[in-house]
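Novice: Pasting in a structure now, in structure tokens, and then I'll have a few things to ask.
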Amino acid sequence: MKTFSQTLLSRFKAHLLEKRFFRPRQKILIACSGGPDSVALFHLLKALASEYRWRLALIHFNHKLRPRAAKTDERFVKSLARKFKVPFYGGTGDVKREARTQKISIEECARQMRYDFFLRTAKAKKIFTVVLAHTQNDQAETVLMRILQGTGLRGLQGIREKFKMGGVNLIRPFLAFTKKELLHFLHERSIPFRSDQSNDSSRFIRNRIRLKLIPVLQRNFNPRVIEALSRIPAIAAEENKLISGLETKAWQKCFKRKRRACVELRRSFFLQHPSALQFRVAEKALKKLDPQSGLSFEAWERLRRELIRPRYRCTLPKGIDFSLTPKIITIYKK
């Protein structure tokens with residue numbers, strides 16, 4: 001009779017084969033914090049590596065948010081790499097200082113700096129696949145967080161299983177597995193891992209969702225709420241694919257021209273489309289001027305109410321102006 005860890009390994013292998021994430025003899029860079037999820041990911045991939053001749057490496061980023069504990073985490077991952085004779089790539093950055101400089105949240109800054117290091121290292125070492133250990137629990141938390149923030153269909157797609165960033169493939173093979181399963185695997189095999197005390201802090205919204213909201217939903221509404229929430233991204237992705245096709249056609253009709261800091265849309269064609277497509281066309285024009293910009297629901301509602309006027313002008317965030325004339329809609333960056 002198979003043990004739990006053997007069963008999990010078989011399921012994990014079947015999942016990788018079904019999704020075709022990796023090729024034989026491929027180089028794979030595993031993002032490892034030292035926590036249970038990423039340590040389990042390393043051990044499961046290591047168990048299959050000889051069969052498929054994968055060449056594994058570990059990468060770790062020290063955010064300097066917990067000075068003493070973070071250094072211990074780094075040493076733990078480094079020793080894990082040494083024990084199993086795989087390359088280790090470590091990086092560090094002062095997230096708090098950078099967050100103050102950029103005037104963004106610590107969480108967002110940590111994510112930016114971490115991914116920037118992963119991508120730079122992957123390109124430098126010519127390892128164009130980075131594997132991340134996000135689980136089904138992370139997916140459920142992300143969906144809930146975005147619902148609470150008032151997201152649209154694209155936001156409900158949650159954490160993507162596979163995508164490309166800067167020429168590097170980012171893969172999350174654990175989105176079909178729960179944290180409970182991974183902890184069971186680690187305990188059964190007596191595999192050590194590090195615990196991040198900041199995960200228990202109610203300072204961050206994601207932690208409050210995990211520690212307070214989800215237990216209430218499980219207890220009072222649906223004991224399988226994590227599984228239910230984690231299904232939403234797949235459904236949303238399929239529906240978004242359909243709408244994206246309509247968006248492409250709408251853009252082709254509406255787009256007139258782009259100059260250096262200006263996008264012009266044909267007003268008559270723009271007004272022929274439903275509000276949902278108008279929103280997407282306007283947002284696409286914005287992103288052609290500034291990829292980091294976006295159109296909030298509140299800003300769009302304000303603009304939409306003015307579309308009946310022959311002339312109108314307003315300023316959007318990040319120094320972008322929206323101008324309406326009888327024939328042309330102009331979006332330009334100051």
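Following the order of the structure tokens, chains are lettered A, B, ..., residues in each are numbered from 1, and ligands are numbered from 1.
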With range 21-33 of chain A as the partner and 12 Å as the cut-off, tabulate the residues of range 124-223 of chain A that qualify, each row holding the nearest pair of atoms and their distance in Å to one decimal, using only C-alpha atoms, sorted by chain and rising number, as a Markdown table.

Specialist:
```
| residue | atom | partner | partner_atom | distance |
| --- | --- | --- | --- | --- |
| A:Lys125 | CA | A:Leu29 | CA | 9.7 |
| A:Lys126 | CA | A:Lys27 | CA | 8.6 |
| A:Ile127 | CA | A:Lys27 | CA | 5.7 |
| A:Phe128 | CA | A:Lys27 | CA | 7.6 |
| A:Thr129 | CA | A:Ile28 | CA | 5.5 |
| A:Val130 | CA | A:Leu29 | CA | 4.7 |
| A:Val131 | CA | A:Ile30 | CA | 4.9 |
| A:Leu132 | CA | A:Ala31 | CA | 5.5 |
| A:Ala133 | CA | A:Ala31 | CA | 7.5 |
| A:His134 | CA | A:Ala31 | CA | 10.4 |
| A:Glu161 | CA | A:Phe21 | CA | 9.7 |
| A:Lys162 | CA | A:Phe21 | CA | 8.3 |
| A:Phe163 | CA | A:Phe21 | CA | 10.9 |
| A:Val168 | CA | A:Leu29 | CA | 10.6 |
| A:Asn169 | CA | A:Phe21 | CA | 9.6 |
| A:Leu170 | CA | A:Leu29 | CA | 9.7 |
| A:Ile171 | CA | A:Phe21 | CA | 7.4 |
| A:Arg172 | CA | A:Phe21 | CA | 9.2 |
| A:Pro173 | CA | A:Phe21 | CA | 8.0 |
| A:Phe174 | CA | A:Phe21 | CA | 11.8 |
| A:Phe193 | CA | A:Ser33 | CA | 9.4 |
| A:Arg194 | CA | A:Ser33 | CA | 8.2 |
| A:Ser195 | CA | A:Ser33 | CA | 9.7 |
| A:Asp196 | CA | A:Ser33 | CA | 9.2 |
```

Novice: Next, the residues of the selection above should be written as a PDB file, in the first residue's frame with N, CA and C atoms.

Specialist:
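Resulting contents of part_35.pdb:
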```
ATOM      1  N   LYS A 125      22.184  33.079 -16.177  1.00  0.00           N
ATOM      2  CA  LYS A 125      22.581  31.666 -16.100  1.00  0.00           C
ATOM      3  C   LYS A 125      21.991  30.824 -17.231  1.00  0.00           C
ATOM      4  N   LYS A 126      21.234  31.499 -18.121  1.00  0.00           N
ATOM      5  CA  LYS A 126      20.599  30.816 -19.249  1.00  0.00           C
ATOM      6  C   LYS A 126      19.701  29.657 -18.787  1.00  0.00           C
ATOM      7  N   ILE A 127      18.945  29.923 -17.723  1.00  0.00           N
ATOM      8  CA  ILE A 127      17.933  28.979 -17.235  1.00  0.00           C
ATOM      9  C   ILE A 127      16.589  29.681 -17.399  1.00  0.00           C
ATOM     10  N   PHE A 128      15.885  29.374 -18.472  1.00  0.00           N
ATOM     11  CA  PHE A 128      14.725  30.186 -18.841  1.00  0.00           C
ATOM     12  C   PHE A 128      13.393  29.663 -18.292  1.00  0.00           C
ATOM     13  N   THR A 129      13.474  28.858 -17.219  1.00  0.00           N
ATOM     14  CA  THR A 129      12.268  28.394 -16.525  1.00  0.00           C
ATOM     15  C   THR A 129      12.458  28.563 -15.029  1.00  0.00           C
ATOM     16  N   VAL A 130      11.594  29.376 -14.425  1.00  0.00           N
ATOM     17  CA  VAL A 130      11.608  29.570 -12.981  1.00  0.00           C
ATOM     18  C   VAL A 130      10.315  28.988 -12.423  1.00  0.00           C
ATOM     19  N   VAL A 131      10.446  28.130 -11.395  1.00  0.00           N
ATOM     20  CA  VAL A 131       9.285  27.461 -10.813  1.00  0.00           C
ATOM     21  C   VAL A 131       8.984  28.067  -9.445  1.00  0.00           C
ATOM     22  N   LEU A 132       7.715  28.395  -9.211  1.00  0.00           N
ATOM     23  CA  LEU A 132       7.268  29.045  -7.978  1.00  0.00           C
ATOM     24  C   LEU A 132       6.284  28.137  -7.245  1.00  0.00           C
ATOM     25  N   ALA A 133       6.244  28.254  -5.919  1.00  0.00           N
ATOM     26  CA  ALA A 133       5.513  27.276  -5.104  1.00  0.00           C
ATOM     27  C   ALA A 133       4.149  27.746  -4.621  1.00  0.00           C
ATOM     28  N   HIS A 134       3.454  28.582  -5.378  1.00  0.00           N
ATOM     29  CA  HIS A 134       2.119  29.009  -4.965  1.00  0.00           C
ATOM     30  C   HIS A 134       1.155  27.818  -4.987  1.00  0.00           C
ATOM     31  N   GLU A 161      -1.059  29.975 -13.868  1.00  0.00           N
ATOM     32  CA  GLU A 161      -0.283  28.742 -13.727  1.00  0.00           C
ATOM     33  C   GLU A 161       1.022  28.802 -14.513  1.00  0.00           C
ATOM     34  N   LYS A 162       0.969  29.441 -15.663  1.00  0.00           N
ATOM     35  CA  LYS A 162       2.168  29.547 -16.496  1.00  0.00           C
ATOM     36  C   LYS A 162       2.085  30.839 -17.292  1.00  0.00           C
ATOM     37  N   PHE A 163       3.157  31.623 -17.269  1.00  0.00           N
ATOM     38  CA  PHE A 163       3.204  32.834 -18.085  1.00  0.00           C
ATOM     39  C   PHE A 163       4.657  33.215 -18.324  1.00  0.00           C
ATOM     40  N   VAL A 168      11.363  34.875 -19.791  1.00  0.00           N
ATOM     41  CA  VAL A 168      11.539  33.741 -18.873  1.00  0.00           C
ATOM     42  C   VAL A 168      10.165  33.139 -18.558  1.00  0.00           C
ATOM     43  N   ASN A 169      10.062  31.813 -18.620  1.00  0.00           N
ATOM     44  CA  ASN A 169       8.820  31.127 -18.271  1.00  0.00           C
ATOM     45  C   ASN A 169       8.706  30.988 -16.763  1.00  0.00           C
ATOM     46  N   LEU A 170       7.593  31.464 -16.205  1.00  0.00           N
ATOM     47  CA  LEU A 170       7.308  31.315 -14.779  1.00  0.00           C
ATOM     48  C   LEU A 170       6.197  30.277 -14.636  1.00  0.00           C
ATOM     49  N   ILE A 171       6.457  29.232 -13.863  1.00  0.00           N
ATOM     50  CA  ILE A 171       5.528  28.114 -13.758  1.00  0.00           C
ATOM     51  C   ILE A 171       5.177  27.865 -12.298  1.00  0.00           C
ATOM     52  N   ARG A 172       3.884  27.631 -12.056  1.00  0.00           N
ATOM     53  CA  ARG A 172       3.408  27.353 -10.697  1.00  0.00           C
ATOM     54  C   ARG A 172       2.681  26.002 -10.699  1.00  0.00           C
ATOM     55  N   PRO A 173       3.404  24.916 -10.517  1.00  0.00           N
ATOM     56  CA  PRO A 173       2.790  23.591 -10.629  1.00  0.00           C
ATOM     57  C   PRO A 173       1.994  23.149  -9.405  1.00  0.00           C
ATOM     58  N   PHE A 174       1.986  23.947  -8.323  1.00  0.00           N
ATOM     59  CA  PHE A 174       1.302  23.559  -7.091  1.00  0.00           C
ATOM     60  C   PHE A 174      -0.106  24.135  -6.963  1.00  0.00           C
ATOM     61  N   PHE A 193      11.977  22.418   7.349  1.00  0.00           N
ATOM     62  CA  PHE A 193      11.701  23.645   6.609  1.00  0.00           C
ATOM     63  C   PHE A 193      11.694  24.802   7.587  1.00  0.00           C
ATOM     64  N   ARG A 194      11.693  25.995   7.073  1.00  0.00           N
ATOM     65  CA  ARG A 194      11.678  27.205   7.895  1.00  0.00           C
ATOM     66  C   ARG A 194      10.248  27.748   8.003  1.00  0.00           C
ATOM     67  N   SER A 195       9.945  28.413   9.118  1.00  0.00           N
ATOM     68  CA  SER A 195       8.639  29.046   9.307  1.00  0.00           C
ATOM     69  C   SER A 195       8.826  30.560   9.367  1.00  0.00           C
ATOM     70  N   ASP A 196       8.021  31.274   8.581  1.00  0.00           N
ATOM     71  CA  ASP A 196       8.083  32.740   8.538  1.00  0.00           C
ATOM     72  C   ASP A 196       7.048  33.303   9.515  1.00  0.00           C
TER      73      ASP A 196
END
```

Novice: I want to know what sits within 12 Å of Leu246 in chain A, based on only C-alpha atoms, with residues of the same chain fewer than 2 positions away left out; could you give that as a PyMOL selection string?

Specialist: chain A and resi 239-244+248-253+273-274+276-278+280-281

Novice: Would you mind writing down, as JSON, numbers by chain, each residue of range 108-283 of chain A that DSSP on the backbone assigns to strand (DSSP E)?

Specialist: {"A": [129, 130, 131, 162, 163, 164, 165, 168, 169, 170, 171, 255, 256, 257, 258, 259, 262, 263, 264, 265, 266]}

Novice: Please save N, CA and C atoms of the selected residues as a compact mmCIF listing (two decimals), in the first residue's frame.

Specialist:
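Below is the file that was written, part.txt:
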```txt
# COMPACT_ATOMS: atom_id res chain seq x y z
N THR A 129 13.47 28.86 -17.22
CA THR A 129 12.27 28.39 -16.53
C THR A 129 12.46 28.56 -15.03
N VAL A 130 11.59 29.38 -14.43
CA VAL A 130 11.61 29.57 -12.98
C VAL A 130 10.32 28.99 -12.42
N VAL A 131 10.45 28.13 -11.39
CA VAL A 131 9.29 27.46 -10.81
C VAL A 131 8.98 28.07 -9.45
N LYS A 162 0.97 29.44 -15.66
CA LYS A 162 2.17 29.55 -16.50
C LYS A 162 2.09 30.84 -17.29
N PHE A 163 3.16 31.62 -17.27
CA PHE A 163 3.20 32.83 -18.09
C PHE A 163 4.66 33.21 -18.32
N LYS A 164 4.84 34.12 -19.25
CA LYS A 164 6.19 34.54 -19.62
C LYS A 164 6.40 35.98 -19.18
N MET A 165 7.56 36.24 -18.59
CA MET A 165 7.91 37.59 -18.17
C MET A 165 9.37 37.84 -18.55
N VAL A 168 11.36 34.88 -19.79
CA VAL A 168 11.54 33.74 -18.87
C VAL A 168 10.16 33.14 -18.56
N ASN A 169 10.06 31.81 -18.62
CA ASN A 169 8.82 31.13 -18.27
C ASN A 169 8.71 30.99 -16.76
N LEU A 170 7.59 31.46 -16.21
CA LEU A 170 7.31 31.31 -14.78
C LEU A 170 6.20 30.28 -14.64
N ILE A 171 6.46 29.23 -13.86
CA ILE A 171 5.53 28.11 -13.76
C ILE A 171 5.18 27.86 -12.30
N PHE A 255 -9.31 52.03 -33.33
CA PHE A 255 -7.98 52.64 -33.34
C PHE A 255 -7.77 53.44 -34.63
N LYS A 256 -7.34 54.69 -34.47
CA LYS A 256 -7.05 55.55 -35.64
C LYS A 256 -5.55 55.65 -35.86
N ARG A 257 -4.82 56.11 -34.83
CA ARG A 257 -3.36 56.20 -34.96
C ARG A 257 -2.73 56.46 -33.60
N LYS A 258 -1.43 56.21 -33.54
CA LYS A 258 -0.66 56.50 -32.33
C LYS A 258 0.50 57.39 -32.71
N ARG A 259 0.60 58.49 -32.02
CA ARG A 259 1.77 59.34 -32.14
C ARG A 259 2.63 59.16 -30.90
N CYS A 262 0.53 59.99 -27.75
CA CYS A 262 -0.89 60.21 -27.98
C CYS A 262 -1.49 59.04 -28.76
N VAL A 263 -2.66 58.59 -28.33
CA VAL A 263 -3.43 57.58 -29.07
C VAL A 263 -4.78 58.19 -29.43
N GLU A 264 -5.15 58.04 -30.72
CA GLU A 264 -6.44 58.56 -31.18
C GLU A 264 -7.37 57.40 -31.54
N LEU A 265 -8.63 57.52 -31.09
CA LEU A 265 -9.66 56.52 -31.37
C LEU A 265 -10.79 57.16 -32.17
N ARG A 266 -11.40 56.39 -33.06
CA ARG A 266 -12.55 56.88 -33.83
C ARG A 266 -13.79 56.85 -32.92
```

Novice: Extract, using only C-alpha atoms, all DNA, RNA and protein residues at most 9 Å from range 140-146 of chain A, discarding same-chain residues fewer than 4 positions from it, and format them as an MDAnalysis selection string.

Specialist: chainID A and resid 135:136 150:152 155:159 205:207 209:210 214 225:233

Novice: Could you save those same residues with N, CA and C atoms as a PDB file, in the first residue's frame?

Specialist:
```
ATOM      1  N   THR A 135       0.317  27.731  -3.961  1.00  0.00           N
ATOM      2  CA  THR A 135      -0.575  26.589  -3.793  1.00  0.00           C
ATOM      3  C   THR A 135      -2.035  26.964  -4.073  1.00  0.00           C
ATOM      4  N   GLN A 136      -2.898  25.947  -3.951  1.00  0.00           N
ATOM      5  CA  GLN A 136      -4.335  26.175  -4.103  1.00  0.00           C
ATOM      6  C   GLN A 136      -4.834  27.169  -3.047  1.00  0.00           C
ATOM      7  N   GLY A 150     -13.006  44.685  -5.324  1.00  0.00           N
ATOM      8  CA  GLY A 150     -13.922  45.051  -6.391  1.00  0.00           C
ATOM      9  C   GLY A 150     -13.372  44.805  -7.778  1.00  0.00           C
ATOM     10  N   THR A 151     -12.736  43.667  -7.987  1.00  0.00           N
ATOM     11  CA  THR A 151     -12.092  43.369  -9.258  1.00  0.00           C
ATOM     12  C   THR A 151     -13.099  43.044 -10.360  1.00  0.00           C
ATOM     13  N   GLY A 152     -12.605  43.037 -11.597  1.00  0.00           N
ATOM     14  CA  GLY A 152     -13.392  42.602 -12.733  1.00  0.00           C
ATOM     15  C   GLY A 152     -13.011  41.185 -13.134  1.00  0.00           C
ATOM     16  N   GLY A 155      -9.284  40.250 -13.104  1.00  0.00           N
ATOM     17  CA  GLY A 155      -8.739  40.052 -11.765  1.00  0.00           C
ATOM     18  C   GLY A 155      -9.112  38.707 -11.180  1.00  0.00           C
ATOM     19  N   LEU A 156     -10.268  38.173 -11.586  1.00  0.00           N
ATOM     20  CA  LEU A 156     -10.713  36.870 -11.088  1.00  0.00           C
ATOM     21  C   LEU A 156      -9.901  35.716 -11.665  1.00  0.00           C
ATOM     22  N   GLN A 157      -9.046  36.003 -12.638  1.00  0.00           N
ATOM     23  CA  GLN A 157      -8.175  34.950 -13.164  1.00  0.00           C
ATOM     24  C   GLN A 157      -7.098  34.563 -12.149  1.00  0.00           C
ATOM     25  N   GLY A 158      -6.953  35.388 -11.119  1.00  0.00           N
ATOM     26  CA  GLY A 158      -6.081  35.038 -10.010  1.00  0.00           C
ATOM     27  C   GLY A 158      -4.629  34.856 -10.407  1.00  0.00           C
ATOM     28  N   ILE A 159      -3.996  33.852  -9.791  1.00  0.00           N
ATOM     29  CA  ILE A 159      -2.588  33.551 -10.054  1.00  0.00           C
ATOM     30  C   ILE A 159      -2.509  32.658 -11.286  1.00  0.00           C
ATOM     31  N   ILE A 205      -3.217  42.239   4.541  1.00  0.00           N
ATOM     32  CA  ILE A 205      -4.581  41.817   4.207  1.00  0.00           C
ATOM     33  C   ILE A 205      -4.643  40.336   3.845  1.00  0.00           C
ATOM     34  N   ARG A 206      -3.629  39.835   3.134  1.00  0.00           N
ATOM     35  CA  ARG A 206      -3.634  38.416   2.752  1.00  0.00           C
ATOM     36  C   ARG A 206      -3.623  37.533   4.000  1.00  0.00           C
ATOM     37  N   ASN A 207      -2.845  37.920   5.004  1.00  0.00           N
ATOM     38  CA  ASN A 207      -2.799  37.143   6.238  1.00  0.00           C
ATOM     39  C   ASN A 207      -4.142  37.164   6.955  1.00  0.00           C
ATOM     40  N   ILE A 209      -7.041  37.487   5.583  1.00  0.00           N
ATOM     41  CA  ILE A 209      -7.947  36.625   4.818  1.00  0.00           C
ATOM     42  C   ILE A 209      -7.694  35.161   5.170  1.00  0.00           C
ATOM     43  N   ARG A 210      -6.419  34.780   5.247  1.00  0.00           N
ATOM     44  CA  ARG A 210      -6.067  33.388   5.524  1.00  0.00           C
ATOM     45  C   ARG A 210      -6.392  32.986   6.963  1.00  0.00           C
ATOM     46  N   ILE A 214     -11.138  33.063   5.854  1.00  0.00           N
ATOM     47  CA  ILE A 214     -11.324  31.716   5.300  1.00  0.00           C
ATOM     48  C   ILE A 214     -11.814  30.728   6.358  1.00  0.00           C
ATOM     49  N   VAL A 225     -14.327  25.548   0.769  1.00  0.00           N
ATOM     50  CA  VAL A 225     -14.315  26.870   0.134  1.00  0.00           C
ATOM     51  C   VAL A 225     -13.013  27.131  -0.620  1.00  0.00           C
ATOM     52  N   ILE A 226     -11.882  26.609  -0.147  1.00  0.00           N
ATOM     53  CA  ILE A 226     -10.602  26.807  -0.845  1.00  0.00           C
ATOM     54  C   ILE A 226     -10.656  26.192  -2.230  1.00  0.00           C
ATOM     55  N   GLU A 227     -11.174  24.984  -2.291  1.00  0.00           N
ATOM     56  CA  GLU A 227     -11.310  24.312  -3.595  1.00  0.00           C
ATOM     57  C   GLU A 227     -12.275  25.077  -4.497  1.00  0.00           C
ATOM     58  N   ALA A 228     -13.394  25.539  -3.914  1.00  0.00           N
ATOM     59  CA  ALA A 228     -14.401  26.265  -4.700  1.00  0.00           C
ATOM     60  C   ALA A 228     -13.842  27.569  -5.256  1.00  0.00           C
ATOM     61  N   LEU A 229     -13.147  28.337  -4.414  1.00  0.00           N
ATOM     62  CA  LEU A 229     -12.571  29.608  -4.857  1.00  0.00           C
ATOM     63  C   LEU A 229     -11.480  29.401  -5.898  1.00  0.00           C
ATOM     64  N   SER A 230     -10.704  28.342  -5.750  1.00  0.00           N
ATOM     65  CA  SER A 230      -9.598  28.102  -6.680  1.00  0.00           C
ATOM     66  C   SER A 230     -10.075  27.646  -8.050  1.00  0.00           C
ATOM     67  N   ARG A 231     -11.380  27.298  -8.167  1.00  0.00           N
ATOM     68  CA  ARG A 231     -11.933  26.948  -9.487  1.00  0.00           C
ATOM     69  C   ARG A 231     -12.267  28.190 -10.309  1.00  0.00           C
ATOM     70  N   ILE A 232     -12.519  29.298  -9.622  1.00  0.00           N
ATOM     71  CA  ILE A 232     -12.967  30.517 -10.301  1.00  0.00           C
ATOM     72  C   ILE A 232     -11.982  30.996 -11.368  1.00  0.00           C
ATOM     73  N   PRO A 233     -10.646  31.030 -11.105  1.00  0.00           N
ATOM     74  CA  PRO A 233      -9.719  31.516 -12.133  1.00  0.00           C
ATOM     75  C   PRO A 233      -9.787  30.771 -13.458  1.00  0.00           C
TER      76      PRO A 233
END
```

Novice: Could you check the closest approach to Lys71 in chain A for each of A:Asn199, A:Thr3, A:Ala99, A:Thr92 and tell me which residue wins, using only C-alpha atoms?

Specialist: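 Among the listed residues, the smallest separation from Lys71 in chain A belongs to A:Thr92.
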
Novice: Compile the contact shell of Ala282 in chain A as a PyMOL selection string: residues with an atom at most 9 Å away, counting only C-alpha atoms, same-chain residues fewer than 3 positions apart removed.

Specialist: chain A and resi 265+277-279+285-287+295+300+331

Novice: Kindly export the residues of the current selection with C-alpha atoms, as a short mmCIF file (atom, residue, chain, number, x, y, z; two decimals), in the first residue's frame.

Specialist:
```
data_model
loop_
_atom_site.label_atom_id
_atom_site.label_comp_id
_atom_site.auth_asym_id
_atom_site.auth_seq_id
_atom_site.Cartn_x
_atom_site.Cartn_y
_atom_site.Cartn_z
CA LEU A 265 -9.66 56.52 -31.37
CA LEU A 277 -15.65 46.69 -24.63
CA GLN A 278 -15.35 50.48 -24.53
CA PHE A 279 -13.63 50.09 -21.16
CA ALA A 285 -4.96 52.82 -25.34
CA LEU A 286 -3.79 53.89 -21.87
CA LYS A 287 -1.35 50.99 -21.64
CA LEU A 295 -8.35 52.56 -15.67
CA TRP A 300 -14.36 54.73 -16.17
CA ILE A 331 -5.73 59.83 -24.90
#
```

Novice: Could you jot down the CA of Gly167 in chain A to CA of Ser293 in chain A separation for me, Å, one decimal place?

Specialist: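 Computing the Euclidean distance for CA of Gly167 in chain A and CA of Ser293 in chain A yields 21.8 Å.
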
Novice: Near Pro291 in chain A, counting only C-alpha atoms, which residues have an atom at most 12 Å away, once you skip same-chain residues fewer than 6 positions from it, shown as a PyMOL selection string?

Specialist: chain A and resi 283-285+318+333

Novice: Looking at only C-alpha atoms, which of A:Lys334, A:Arg203, A:Arg208, A:His43 is the one that sits closest to Arg260 in chain A?

Specialist: A:Lys334

Novice: Could you please determine the separation between CA of Glu188 in chain A and CA of Ser5 in chain A in Å, to one decimal place?

Specialist: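 Here the two named atoms are 6.9 Å from each other.
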
Novice: Calculate how many Å separate CA of Glu238 in chain A from CA of Arg160 in chain A, rounding to one decimal.

Specialist: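 Separating CA of Glu238 in chain A from CA of Arg160 in chain A is a distance of 12.6 Å.
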
Novice: Find the residue from A:Arg114, A:Leu80, A:Leu17, A:Tyr89 that sits nearest to Tyr52 in chain A; use only C-alpha atoms when measuring.

Specialist: A:Leu17

Novice: Near Glu306 in chain A, within 12 Å and counting only C-alpha atoms, which residues show up once chain neighbours fewer than 5 positions away are dropped, as a ChimeraX atom specification?

Specialist: /A:271,299-301,311-314,322-325,329

Novice: Since we have the selection now, will you write its residues out, keeping N, CA and C atoms, as a PDB file, in the first residue's frame?

Specialist:
```
ATOM      1  N   LEU A 271     -18.328  54.342 -29.813  1.00  0.00           N
ATOM      2  CA  LEU A 271     -19.656  54.425 -29.199  1.00  0.00           C
ATOM      3  C   LEU A 271     -20.578  53.301 -29.641  1.00  0.00           C
ATOM      4  N   ALA A 299     -13.051  55.743 -12.309  1.00  0.00           N
ATOM      5  CA  ALA A 299     -12.643  56.666 -13.382  1.00  0.00           C
ATOM      6  C   ALA A 299     -13.431  56.379 -14.656  1.00  0.00           C
ATOM      7  N   TRP A 300     -13.612  55.086 -14.959  1.00  0.00           N
ATOM      8  CA  TRP A 300     -14.356  54.735 -16.169  1.00  0.00           C
ATOM      9  C   TRP A 300     -15.818  55.168 -16.065  1.00  0.00           C
ATOM     10  N   GLU A 301     -16.437  54.982 -14.919  1.00  0.00           N
ATOM     11  CA  GLU A 301     -17.828  55.402 -14.752  1.00  0.00           C
ATOM     12  C   GLU A 301     -17.967  56.907 -14.957  1.00  0.00           C
ATOM     13  N   ARG A 311     -17.957  67.607 -26.594  1.00  0.00           N
ATOM     14  CA  ARG A 311     -16.557  67.894 -26.213  1.00  0.00           C
ATOM     15  C   ARG A 311     -16.410  67.720 -24.704  1.00  0.00           C
ATOM     16  N   TYR A 312     -15.267  67.171 -24.350  1.00  0.00           N
ATOM     17  CA  TYR A 312     -15.017  66.930 -22.926  1.00  0.00           C
ATOM     18  C   TYR A 312     -13.527  66.664 -22.734  1.00  0.00           C
ATOM     19  N   ARG A 313     -13.023  67.036 -21.560  1.00  0.00           N
ATOM     20  CA  ARG A 313     -11.612  66.768 -21.260  1.00  0.00           C
ATOM     21  C   ARG A 313     -11.449  66.569 -19.762  1.00  0.00           C
ATOM     22  N   CYS A 314     -10.628  65.576 -19.394  1.00  0.00           N
ATOM     23  CA  CYS A 314     -10.322  65.374 -17.980  1.00  0.00           C
ATOM     24  C   CYS A 314      -8.935  64.747 -17.839  1.00  0.00           C
ATOM     25  N   PHE A 322      -7.611  62.679 -21.058  1.00  0.00           N
ATOM     26  CA  PHE A 322      -8.644  62.089 -21.925  1.00  0.00           C
ATOM     27  C   PHE A 322      -9.406  63.243 -22.546  1.00  0.00           C
ATOM     28  N   SER A 323      -9.454  63.267 -23.867  1.00  0.00           N
ATOM     29  CA  SER A 323     -10.099  64.395 -24.561  1.00  0.00           C
ATOM     30  C   SER A 323     -11.117  63.874 -25.577  1.00  0.00           C
ATOM     31  N   LEU A 324     -12.289  64.513 -25.606  1.00  0.00           N
ATOM     32  CA  LEU A 324     -13.385  64.098 -26.473  1.00  0.00           C
ATOM     33  C   LEU A 324     -13.733  65.234 -27.435  1.00  0.00           C
ATOM     34  N   THR A 325     -13.748  64.938 -28.727  1.00  0.00           N
ATOM     35  CA  THR A 325     -14.218  65.882 -29.743  1.00  0.00           C
ATOM     36  C   THR A 325     -15.295  65.172 -30.564  1.00  0.00           C
ATOM     37  N   ILE A 329     -11.571  60.551 -30.099  1.00  0.00           N
ATOM     38  CA  ILE A 329     -11.246  60.430 -28.674  1.00  0.00           C
ATOM     39  C   ILE A 329      -9.721  60.390 -28.600  1.00  0.00           C
TER      40      ILE A 329
END
```

Novice: When DSSP is applied to the backbone of this structure, which of range 203-261 of chain A are assigned alpha helix (DSSP H)? Write them out as number ranges by chain.

Specialist: A: 205-208, 214-220, 225-254

Novice: Output C-alpha atoms for every residue in the selection just made, as a compact mmCIF listing (two decimals), in the first residue's frame.

Specialist:
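Result saved to selection.txt:
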```txt
# COMPACT_ATOMS: atom_id res chain seq x y z
CA ILE A 205 -4.58 41.82 4.21
CA ARG A 206 -3.63 38.42 2.75
CA ASN A 207 -2.80 37.14 6.24
CA ARG A 208 -6.10 38.41 7.63
CA ILE A 214 -11.32 31.72 5.30
CA PRO A 215 -11.82 29.80 8.60
CA VAL A 216 -15.19 31.56 9.05
CA LEU A 217 -16.22 30.66 5.49
CA GLN A 218 -15.12 27.05 6.00
CA ARG A 219 -16.95 26.76 9.32
CA ASN A 220 -20.18 28.57 8.46
CA VAL A 225 -14.31 26.87 0.13
CA ILE A 226 -10.60 26.81 -0.85
CA GLU A 227 -11.31 24.31 -3.60
CA ALA A 228 -14.40 26.27 -4.70
CA LEU A 229 -12.57 29.61 -4.86
CA SER A 230 -9.60 28.10 -6.68
CA ARG A 231 -11.93 26.95 -9.49
CA ILE A 232 -12.97 30.52 -10.30
CA PRO A 233 -9.72 31.52 -12.13
CA ALA A 234 -10.04 28.69 -14.67
CA ILE A 235 -13.65 29.65 -15.41
CA ALA A 236 -12.79 33.36 -15.61
CA ALA A 237 -9.81 32.66 -17.89
CA GLU A 238 -11.97 30.86 -20.45
CA GLU A 239 -14.57 33.62 -20.46
CA ASN A 240 -11.89 36.30 -20.60
CA LYS A 241 -10.39 34.57 -23.64
CA LEU A 242 -13.72 34.97 -25.45
CA ILE A 243 -14.01 38.67 -24.49
CA SER A 244 -10.37 39.27 -25.48
CA GLY A 245 -11.24 38.13 -29.00
CA LEU A 246 -14.08 40.66 -29.12
CA GLU A 247 -11.73 43.29 -27.70
CA THR A 248 -9.23 42.71 -30.52
CA LYS A 249 -11.94 43.26 -33.15
CA ALA A 250 -13.23 46.35 -31.36
CA TRP A 251 -9.71 47.78 -31.15
CA GLN A 252 -9.15 47.28 -34.88
CA LYS A 253 -12.29 49.28 -35.63
CA CYS A 254 -11.73 52.03 -33.07
```

Novice: Near Asn62 in chain A, counting only C-alpha atoms, which residues have an atom at most 7 Å away, once you skip same-chain residues fewer than 4 positions from it, shown as JSON, numbers by chain?

Specialist: {"A": [70, 74, 91, 92, 93]}
